[in-house]
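Asks: So I've got this file, my_file.pdb, and it contains PDB, C-alpha atoms, pLDDT in the B column:
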```
MODEL        1
ATOM      1  CA  MET A   1      89.156  67.324  67.069  1.00 50.00           C
ATOM      2  CA  PRO A   2      92.383  66.386  68.916  1.00 62.00           C
ATOM      3  CA  VAL A   3      93.621  68.801  71.570  1.00 67.00           C
ATOM      4  CA  LYS A   4      97.361  69.459  71.769  1.00 78.00           C
ATOM      5  CA  ASN A   5      98.928  67.925  74.860  1.00 93.00           C
ATOM      6  CA  TYR A   6      99.545  71.183  76.770  1.00 96.00           C
ATOM      7  CA  LYS A   7      95.972  72.232  76.055  1.00 96.00           C
ATOM      8  CA  GLU A   8      94.659  68.931  77.386  1.00 96.00           C
ATOM      9  CA  VAL A   9      96.738  69.325  80.570  1.00 96.00           C
ATOM     10  CA  PHE A  10      95.501  72.892  80.978  1.00 98.00           C
ATOM     11  CA  LEU A  11      91.851  72.022  80.331  1.00 97.00           C
ATOM     12  CA  THR A  12      91.994  69.116  82.762  1.00 97.00           C
ATOM     13  CA  HIS A  13      93.424  71.500  85.361  1.00 98.00           C
ATOM     14  CA  LEU A  14      90.586  73.982  84.753  1.00 98.00           C
ATOM     15  CA  VAL A  15      87.990  71.229  85.157  1.00 98.00           C
ATOM     16  CA  LYS A  16      89.519  69.638  88.265  1.00 97.00           C
ATOM     17  CA  THR A  17      89.879  73.000  90.056  1.00 98.00           C
ATOM     18  CA  GLY A  18      86.363  74.140  89.149  1.00 97.00           C
ATOM     19  CA  ALA A  19      87.705  77.037  87.082  1.00 98.00           C
ATOM     20  CA  ILE A  20      85.290  75.944  84.382  1.00 98.00           C
ATOM     21  CA  ARG A  21      81.882  74.842  85.615  1.00 97.00           C
ATOM     22  CA  PHE A  22      78.847  73.484  83.845  1.00 98.00           C
ATOM     23  CA  GLY A  23      75.183  74.117  84.640  1.00 97.00           C
ATOM     24  CA  SER A  24      73.197  77.345  84.331  1.00 97.00           C
ATOM     25  CA  PHE A  25      74.833  80.720  84.966  1.00 96.00           C
ATOM     26  CA  LYS A  26      73.550  84.246  84.479  1.00 94.00           C
ATOM     27  CA  LEU A  27      76.212  86.446  82.900  1.00 88.00           C
ATOM     28  CA  LYS A  28      76.663  90.219  83.208  1.00 81.00           C
ATOM     29  CA  SER A  29      75.113  90.491  79.757  1.00 80.00           C
ATOM     30  CA  GLY A  30      71.953  88.828  81.066  1.00 87.00           C
ATOM     31  CA  ARG A  31      72.536  85.710  78.991  1.00 89.00           C
ATOM     32  CA  ILE A  32      71.984  82.322  80.652  1.00 95.00           C
ATOM     33  CA  SER A  33      75.104  80.322  79.890  1.00 97.00           C
ATOM     34  CA  PRO A  34      75.563  76.544  80.313  1.00 98.00           C
ATOM     35  CA  TYR A  35      79.129  77.114  81.525  1.00 98.00           C
ATOM     36  CA  PHE A  36      81.161  79.621  83.494  1.00 97.00           C
ATOM     37  CA  VAL A  37      84.902  80.303  83.545  1.00 96.00           C
ATOM     38  CA  ASN A  38      86.744  81.835  86.511  1.00 95.00           C
ATOM     39  CA  ILE A  39      90.501  81.481  86.065  1.00 95.00           C
ATOM     40  CA  ALA A  40      91.086  82.541  89.684  1.00 95.00           C
ATOM     41  CA  ASP A  41      89.796  79.147  90.827  1.00 98.00           C
ATOM     42  CA  ALA A  42      92.656  77.509  88.909  1.00 98.00           C
ATOM     43  CA  MET A  43      95.232  79.652  90.771  1.00 97.00           C
ATOM     44  CA  ARG A  44      94.421  79.099  94.447  1.00 97.00           C
ATOM     45  CA  THR A  45      97.847  77.669  95.306  1.00 98.00           C
ATOM     46  CA  GLY A  46     101.308  78.508  94.077  1.00 97.00           C
ATOM     47  CA  MET A  47     101.617  75.219  92.193  1.00 98.00           C
ATOM     48  CA  ASP A  48      98.200  75.634  90.575  1.00 98.00           C
ATOM     49  CA  ALA A  49      99.035  79.199  89.553  1.00 98.00           C
ATOM     50  CA  LEU A  50     102.229  78.005  87.881  1.00 97.00           C
ATOM     51  CA  LYS A  51     100.275  75.420  85.885  1.00 97.00           C
ATOM     52  CA  VAL A  52      98.155  78.252  84.478  1.00 98.00           C
ATOM     53  CA  ALA A  53     101.197  80.422  83.748  1.00 98.00           C
ATOM     54  CA  ASP A  54     102.927  77.524  82.002  1.00 97.00           C
ATOM     55  CA  ALA A  55     100.030  77.151  79.563  1.00 97.00           C
ATOM     56  CA  TYR A  56     100.234  80.847  78.705  1.00 98.00           C
ATOM     57  CA  VAL A  57     103.988  80.590  78.187  1.00 97.00           C
ATOM     58  CA  VAL A  58     103.719  77.586  75.881  1.00 97.00           C
ATOM     59  CA  LYS A  59     101.101  79.424  73.825  1.00 97.00           C
ATOM     60  CA  ILE A  60     103.312  82.528  73.664  1.00 97.00           C
ATOM     61  CA  MET A  61     106.244  80.436  72.448  1.00 96.00           C
ATOM     62  CA  GLU A  62     103.945  78.807  69.903  1.00 95.00           C
ATOM     63  CA  LEU A  63     102.781  82.202  68.613  1.00 95.00           C
ATOM     64  CA  ASP A  64     106.362  83.447  68.220  1.00 89.00           C
ATOM     65  CA  THR A  65     105.157  87.057  68.261  1.00 92.00           C
ATOM     66  CA  GLU A  66     107.383  89.989  69.186  1.00 95.00           C
ATOM     67  CA  PHE A  67     106.607  92.023  72.312  1.00 98.00           C
ATOM     68  CA  SER A  68     108.515  94.003  74.922  1.00 98.00           C
ATOM     69  CA  TYR A  69     105.924  94.446  77.676  1.00 98.00           C
ATOM     70  CA  ILE A  70     103.284  92.195  79.254  1.00 98.00           C
ATOM     71  CA  HIS A  71     100.158  93.952  80.462  1.00 96.00           C
ATOM     72  CA  GLY A  72      97.796  92.341  82.965  1.00 95.00           C
ATOM     73  CA  ALA A  73      94.237  93.581  82.539  1.00 88.00           C
ATOM     74  CA  ALA A  74      92.728  94.330  85.967  1.00 86.00           C
ATOM     75  CA  TYR A  75      92.008  92.338  87.920  1.00 87.00           C
ATOM     76  CA  LYS A  76      92.507  88.714  86.911  1.00 91.00           C
ATOM     77  CA  GLY A  77      95.176  89.579  84.385  1.00 92.00           C
ATOM     78  CA  ILE A  78      97.446  91.044  87.080  1.00 95.00           C
ATOM     79  CA  PRO A  79      98.756  87.782  88.606  1.00 96.00           C
ATOM     80  CA  LEU A  80      98.829  86.271  85.119  1.00 97.00           C
ATOM     81  CA  ALA A  81     101.157  88.999  83.848  1.00 97.00           C
ATOM     82  CA  ALA A  82     103.506  88.610  86.830  1.00 97.00           C
ATOM     83  CA  LEU A  83     103.640  84.820  86.646  1.00 98.00           C
ATOM     84  CA  VAL A  84     104.065  84.736  82.875  1.00 98.00           C
ATOM     85  CA  ALA A  85     106.922  87.249  83.116  1.00 98.00           C
ATOM     86  CA  VAL A  86     108.636  85.064  85.735  1.00 98.00           C
ATOM     87  CA  ARG A  87     108.184  81.865  83.730  1.00 98.00           C
ATOM     88  CA  LEU A  88     109.483  83.539  80.564  1.00 98.00           C
ATOM     89  CA  SER A  89     112.526  84.846  82.459  1.00 98.00           C
ATOM     90  CA  GLU A  90     113.321  81.260  83.454  1.00 98.00           C
ATOM     91  CA  ARG A  91     113.600  80.565  79.721  1.00 97.00           C
ATOM     92  CA  GLY A  92     115.954  83.494  79.276  1.00 97.00           C
ATOM     93  CA  ILE A  93     113.227  85.827  77.990  1.00 97.00           C
ATOM     94  CA  ASP A  94     113.147  88.780  80.351  1.00 98.00           C
ATOM     95  CA  LYS A  95     110.188  91.112  79.749  1.00 98.00           C
ATOM     96  CA  ARG A  96     108.834  94.053  81.701  1.00 98.00           C
ATOM     97  CA  TRP A  97     105.269  93.750  82.960  1.00 98.00           C
ATOM     98  CA  GLY A  98     102.577  95.850  84.571  1.00 96.00           C
ATOM     99  CA  TYR A  99      98.862  96.332  84.978  1.00 95.00           C
ATOM    100  CA  ASP A 100      96.076  98.888  85.017  1.00 90.00           C
ATOM    101  CA  ARG A 101      93.884 100.056  87.848  1.00 80.00           C
ATOM    102  CA  LYS A 102      90.106 100.072  87.598  1.00 66.00           C
ATOM    103  CA  GLU A 103      90.179 103.516  89.184  1.00 64.00           C
ATOM    104  CA  GLU A 104      93.031 105.981  88.816  1.00 60.00           C
ATOM    105  CA  LYS A 105      95.018 106.492  92.016  1.00 57.00           C
ATOM    106  CA  ARG A 106      95.417 110.168  92.948  1.00 56.00           C
ATOM    107  CA  HIS A 107      98.038 109.909  95.704  1.00 52.00           C
ATOM    108  CA  GLY A 108     101.358 108.134  96.210  1.00 50.00           C
ATOM    109  CA  ASP A 109     102.013 106.047  93.090  1.00 61.00           C
ATOM    110  CA  LYS A 110      99.516 108.005  90.998  1.00 60.00           C
ATOM    111  CA  GLY A 111      97.975 107.043  87.681  1.00 70.00           C
ATOM    112  CA  ALA A 112      95.944 104.334  85.990  1.00 82.00           C
ATOM    113  CA  ILE A 113      98.949 102.224  84.906  1.00 88.00           C
ATOM    114  CA  VAL A 114     101.462 100.496  87.170  1.00 93.00           C
ATOM    115  CA  GLY A 115     104.708  99.310  85.573  1.00 94.00           C
ATOM    116  CA  ASP A 116     107.673 100.433  83.506  1.00 95.00           C
ATOM    117  CA  LEU A 117     105.727 101.115  80.314  1.00 95.00           C
ATOM    118  CA  ARG A 118     107.831 102.997  77.766  1.00 97.00           C
ATOM    119  CA  ASP A 119     107.284 104.827  74.491  1.00 97.00           C
ATOM    120  CA  GLY A 120     107.828 102.416  71.606  1.00 97.00           C
ATOM    121  CA  ASP A 121     106.827  99.315  73.585  1.00 98.00           C
ATOM    122  CA  THR A 122     104.974  96.495  71.841  1.00 98.00           C
ATOM    123  CA  VAL A 123     102.425  95.274  74.355  1.00 97.00           C
ATOM    124  CA  LEU A 124     100.969  91.802  74.865  1.00 97.00           C
ATOM    125  CA  ILE A 125      97.815  91.908  77.011  1.00 95.00           C
ATOM    126  CA  VAL A 126      96.983  88.824  79.100  1.00 96.00           C
ATOM    127  CA  ASP A 127      93.572  88.120  80.607  1.00 93.00           C
ATOM    128  CA  ASP A 128      91.293  85.207  81.499  1.00 93.00           C
ATOM    129  CA  VAL A 129      88.463  85.153  78.940  1.00 90.00           C
ATOM    130  CA  ILE A 130      87.099  87.212  76.089  1.00 83.00           C
ATOM    131  CA  THR A 131      83.409  87.699  75.392  1.00 77.00           C
ATOM    132  CA  THR A 132      82.846  91.030  73.643  1.00 76.00           C
ATOM    133  CA  GLY A 133      86.339  92.525  73.783  1.00 75.00           C
ATOM    134  CA  ALA A 134      85.101  95.841  75.222  1.00 80.00           C
ATOM    135  CA  THR A 135      87.141  95.577  78.434  1.00 79.00           C
ATOM    136  CA  LYS A 136      90.246  94.669  76.406  1.00 82.00           C
ATOM    137  CA  VAL A 137      89.868  97.811  74.296  1.00 86.00           C
ATOM    138  CA  GLU A 138      89.387  99.796  77.504  1.00 84.00           C
ATOM    139  CA  SER A 139      92.683  98.434  78.857  1.00 84.00           C
ATOM    140  CA  TRP A 140      94.438  99.250  75.600  1.00 89.00           C
ATOM    141  CA  THR A 141      93.066 102.790  75.612  1.00 88.00           C
ATOM    142  CA  LYS A 142      94.618 103.389  79.042  1.00 88.00           C
ATOM    143  CA  LEU A 143      97.993 102.198  77.743  1.00 92.00           C
ATOM    144  CA  ALA A 144      97.841 104.164  74.502  1.00 92.00           C
ATOM    145  CA  THR A 145      96.821 107.305  76.370  1.00 91.00           C
ATOM    146  CA  MET A 146      99.843 107.075  78.640  1.00 90.00           C
ATOM    147  CA  ARG A 147     102.537 106.096  76.106  1.00 94.00           C
ATOM    148  CA  LYS A 148     103.157 105.726  72.381  1.00 96.00           C
ATOM    149  CA  VAL A 149     102.809 101.951  72.232  1.00 97.00           C
ATOM    150  CA  LYS A 150     101.942  99.257  69.691  1.00 96.00           C
ATOM    151  CA  PRO A 151      99.718  96.197  70.269  1.00 95.00           C
ATOM    152  CA  ALA A 152     101.121  92.687  69.983  1.00 96.00           C
ATOM    153  CA  GLY A 153      97.677  91.264  70.754  1.00 94.00           C
ATOM    154  CA  ILE A 154      95.561  89.823  73.548  1.00 93.00           C
ATOM    155  CA  LEU A 155      96.112  86.336  74.960  1.00 96.00           C
ATOM    156  CA  VAL A 156      93.321  84.742  76.990  1.00 95.00           C
ATOM    157  CA  ALA A 157      92.794  81.308  78.498  1.00 97.00           C
ATOM    158  CA  VAL A 158      89.364  80.779  76.944  1.00 96.00           C
ATOM    159  CA  ASP A 159      87.681  82.336  73.937  1.00 94.00           C
ATOM    160  CA  ARG A 160      83.928  82.101  74.419  1.00 94.00           C
ATOM    161  CA  GLU A 161      83.613  82.596  70.630  1.00 95.00           C
ATOM    162  CA  GLU A 162      80.841  85.144  71.016  1.00 92.00           C
ATOM    163  CA  LEU A 163      82.413  88.163  69.321  1.00 88.00           C
ATOM    164  CA  SER A 164      79.826  89.904  67.160  1.00 84.00           C
ATOM    165  CA  ASP A 165      80.744  91.627  63.899  1.00 84.00           C
ATOM    166  CA  ALA A 166      80.676  94.925  65.816  1.00 86.00           C
ATOM    167  CA  ASP A 167      83.028  93.456  68.457  1.00 87.00           C
ATOM    168  CA  LYS A 168      85.446  92.239  65.803  1.00 86.00           C
ATOM    169  CA  LYS A 169      85.380  95.619  64.080  1.00 89.00           C
ATOM    170  CA  MET A 170      86.085  97.339  67.410  1.00 89.00           C
ATOM    171  CA  LEU A 171      89.170  95.148  67.934  1.00 89.00           C
ATOM    172  CA  GLU A 172      90.327  95.552  64.334  1.00 89.00           C
ATOM    173  CA  GLU A 173      90.202  99.334  64.568  1.00 90.00           C
ATOM    174  CA  VAL A 174      92.879  99.395  67.313  1.00 87.00           C
ATOM    175  CA  PRO A 175      94.105  96.922  65.905  1.00 89.00           C
ATOM    176  CA  LEU A 176      94.070  94.241  68.618  1.00 89.00           C
ATOM    177  CA  ARG A 177      94.586  90.658  67.509  1.00 92.00           C
ATOM    178  CA  MET A 178      93.055  88.062  69.793  1.00 92.00           C
ATOM    179  CA  TYR A 179      94.740  84.764  70.720  1.00 95.00           C
ATOM    180  CA  SER A 180      93.471  82.038  73.030  1.00 96.00           C
ATOM    181  CA  ILE A 181      94.807  78.865  74.594  1.00 97.00           C
ATOM    182  CA  LEU A 182      91.406  77.182  74.295  1.00 97.00           C
ATOM    183  CA  ARG A 183      88.232  77.838  72.314  1.00 96.00           C
ATOM    184  CA  ILE A 184      84.941  76.955  73.963  1.00 97.00           C
ATOM    185  CA  THR A 185      83.886  74.731  71.074  1.00 97.00           C
ATOM    186  CA  GLU A 186      86.988  72.557  71.409  1.00 96.00           C
ATOM    187  CA  ILE A 187      86.476  72.416  75.189  1.00 98.00           C
ATOM    188  CA  PHE A 188      82.993  70.954  74.807  1.00 98.00           C
ATOM    189  CA  GLU A 189      84.075  68.648  72.013  1.00 97.00           C
ATOM    190  CA  PHE A 190      86.980  67.301  74.029  1.00 96.00           C
ATOM    191  CA  LEU A 191      84.974  66.844  77.254  1.00 98.00           C
ATOM    192  CA  HIS A 192      81.872  65.337  75.637  1.00 98.00           C
ATOM    193  CA  ASN A 193      81.236  62.004  77.394  1.00 98.00           C
ATOM    194  CA  ARG A 194      84.867  61.916  78.553  1.00 97.00           C
ATOM    195  CA  THR A 195      85.528  60.692  82.090  1.00 96.00           C
ATOM    196  CA  ILE A 196      87.903  62.753  84.230  1.00 95.00           C
ATOM    197  CA  GLU A 197      88.698  61.149  87.581  1.00 92.00           C
ATOM    198  CA  GLY A 198      85.487  59.174  87.493  1.00 96.00           C
ATOM    199  CA  GLU A 199      83.177  62.028  86.470  1.00 97.00           C
ATOM    200  CA  VAL A 200      81.645  63.061  83.158  1.00 98.00           C
ATOM    201  CA  TYR A 201      81.298  66.845  83.098  1.00 97.00           C
ATOM    202  CA  VAL A 202      79.770  67.182  79.634  1.00 98.00           C
ATOM    203  CA  ASP A 203      77.193  64.497  78.910  1.00 98.00           C
ATOM    204  CA  ASP A 204      74.778  64.445  75.963  1.00 98.00           C
ATOM    205  CA  LYS A 205      72.323  66.774  77.691  1.00 98.00           C
ATOM    206  CA  MET A 206      74.991  69.347  78.583  1.00 98.00           C
ATOM    207  CA  LYS A 207      76.410  69.159  75.062  1.00 98.00           C
ATOM    208  CA  HIS A 208      72.906  69.785  73.685  1.00 98.00           C
ATOM    209  CA  ASN A 209      72.413  72.771  76.015  1.00 97.00           C
ATOM    210  CA  PHE A 210      75.710  74.213  74.843  1.00 98.00           C
ATOM    211  CA  GLU A 211      74.861  73.711  71.178  1.00 97.00           C
ATOM    212  CA  GLU A 212      71.559  75.537  71.666  1.00 97.00           C
ATOM    213  CA  TYR A 213      73.330  78.399  73.453  1.00 96.00           C
ATOM    214  CA  PHE A 214      76.085  78.581  70.864  1.00 97.00           C
ATOM    215  CA  GLN A 215      73.625  78.507  67.988  1.00 95.00           C
ATOM    216  CA  ARG A 216      72.065  81.630  69.462  1.00 94.00           C
ATOM    217  CA  TYR A 217      75.141  83.551  70.611  1.00 93.00           C
ATOM    218  CA  GLY A 218      78.206  81.887  69.138  1.00 94.00           C
ATOM    219  CA  THR A 219      80.220  83.223  66.220  1.00 84.00           C
ATOM    220  CA  LEU A 220      82.776  80.882  64.693  1.00 63.00           C
ATOM    221  CA  CYS A 221      85.671  82.832  63.173  1.00 49.00           C
TER     222      CYS A 221
ENDMDL
END
```
Please go through the file and, once you have read it, give me the structure as structure tokens.
Replies:
Amino acid sequence: MPVKNYKEVFLTHLVKTGAIRFGSFKLKSGRISPYFVNIADAMRTGMDALKVADAYVVKIMELDTEFSYIHGAAYKGIPLAALVAVRLSERGIDKRWGYDRKEEKRHGDKGAIVGDLRDGDTVLIVDDVITTGATKVESWTKLATMRKVKPAGILVAVDREELSDADKKMLEEVPLRMYSILRITEIFEFLHNRTIEGEVYVDDKMKHNFEEYFQRYGTLC
């Protein structure tokens, strides 16, 4: 399956910065995964952070969906929301942005939401990955509790493609539509036996490990 050029550039950046790693990783769910994604590793410098933001912006332009507010889901979504808003403004698309706090602040700038969120806003949530969608619904609930807002959807860098039927139903009930720059299946397919700067990250054995994992936990939409 061919990967669009901006996706290939973005994926190569994730690999080279170690934002996506391959091996054996224990997840919060207890699952042992053959890969791990940490978008923060792809944003350690200003230039690297802009490369990430640019991929989000290209995907947003590709989606051509209407929204008035960009929400960064705490914590990794916070710099994403700010950078995406800046990059969009450079294209003449000026959007408000904000983020939520994990814990509500009770002094100074009080509340669980930071930003100029208004009644009637259509909100696009940005975050790094999606696994079950529970944290995304939690972020949306904070927004919907504070203002009368509508969801434009969720945009993530990587979809692990592990949403269960219950997860999908939970998102549909909001409703929150999920978008991703990359799907994990296309990542493994693209990297399989491909050399990047002299190194093969996904050889036959790693591809087999992923296929076994995905057969057990994956859910192709």
Asks: As AutoDock Vina command-line options, please report the centre and edge lengths, rounded to one decimal in Å, of the axis-aligned box that holds all listed atoms of range 159-172 of chain A with 3 Å of padding on each of the six sides.
Replies:
```
--center_x 85.1 --center_y 89.7 --center_z 69.2 --size_x 16.5 --size_y 21.2 --size_z 16.5
```
Asks: Could you state which residues are captured by the PyMOL selection byres ((chain A and resi 15-30) around 10) in this file, as a PyMOL selection string?
Replies: chain A and resi 10-14+31-44+48+131-132+158+187+191+196-197+201-202+206+209-210
Asks: With the file shown as input, list the residues that the PyMOL selection byres ((chain A and resi 64-68) around 8) selects, as number ranges by chain.
Replies: A: 60-63, 69-70, 95-96, 121-124, 152
Asks: Please identify all polymer residues within 12 Å of Tyr6 in chain A, counting all atoms listed in the file, omitting same-chain residues fewer than 3 positions from it, and present them as number ranges by chain.
Replies: A: 2-3, 9-13, 51-59, 62, 181-182
Asks: Would you mind reading off the distance between CA of Ala85 in chain A and CA of Ala73 in chain A, one decimal, in Å?
Replies: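 According to the coordinates, CA of Ala85 in chain A and CA of Ala73 in chain A are separated by 14.2 Å.
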Asks: If I take CA of Gly72 in chain A and CA of Leu143 in chain A, how far is one from the other in Å, to one decimal?
Replies: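 CA of Leu143 in chain A lies 11.2 Å from CA of Gly72 in chain A.
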Asks: Can you tell me which residues surround Pro175 in chain A at a distance of at most 10 Å, considering all atoms listed in the file, apart from same-chain residues fewer than 4 positions away, and format the answer as a compact mmCIF listing (two decimals) with C-alpha atoms, in the frame of the given file?
Replies:
```txt
# COMPACT_ATOMS: atom_id res chain seq x y z
CA VAL A 137 89.87 97.81 74.30
CA TRP A 140 94.44 99.25 75.60
CA LYS A 150 101.94 99.26 69.69
CA PRO A 151 99.72 96.20 70.27
CA ALA A 152 101.12 92.69 69.98
CA GLY A 153 97.68 91.26 70.75
CA LYS A 168 85.45 92.24 65.80
CA LYS A 169 85.38 95.62 64.08
CA MET A 170 86.08 97.34 67.41
CA LEU A 171 89.17 95.15 67.93
```
Asks: Using only C-alpha atoms, which residues sit within 8 Å of Met178 in chain A once same-chain residues fewer than 3 positions away are excluded, as a list of chain:residue names?
Replies: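 In the requested format, the answer is A:Gly153, A:Ile154, A:Leu155, A:Val156.
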Asks: So how far away is CA of His192 in chain A from CA of Val129 in chain A, in Å?
Replies: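 Those two atoms sit 21.1 Å apart.
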Asks: Rank A:Val149, A:Ala81, A:Gly92, A:Arg101 by their smallest atom-to-atom distance to Asp127 in chain A, using all atoms listed in the file, and report the top residue only.
Replies: A:Ala81
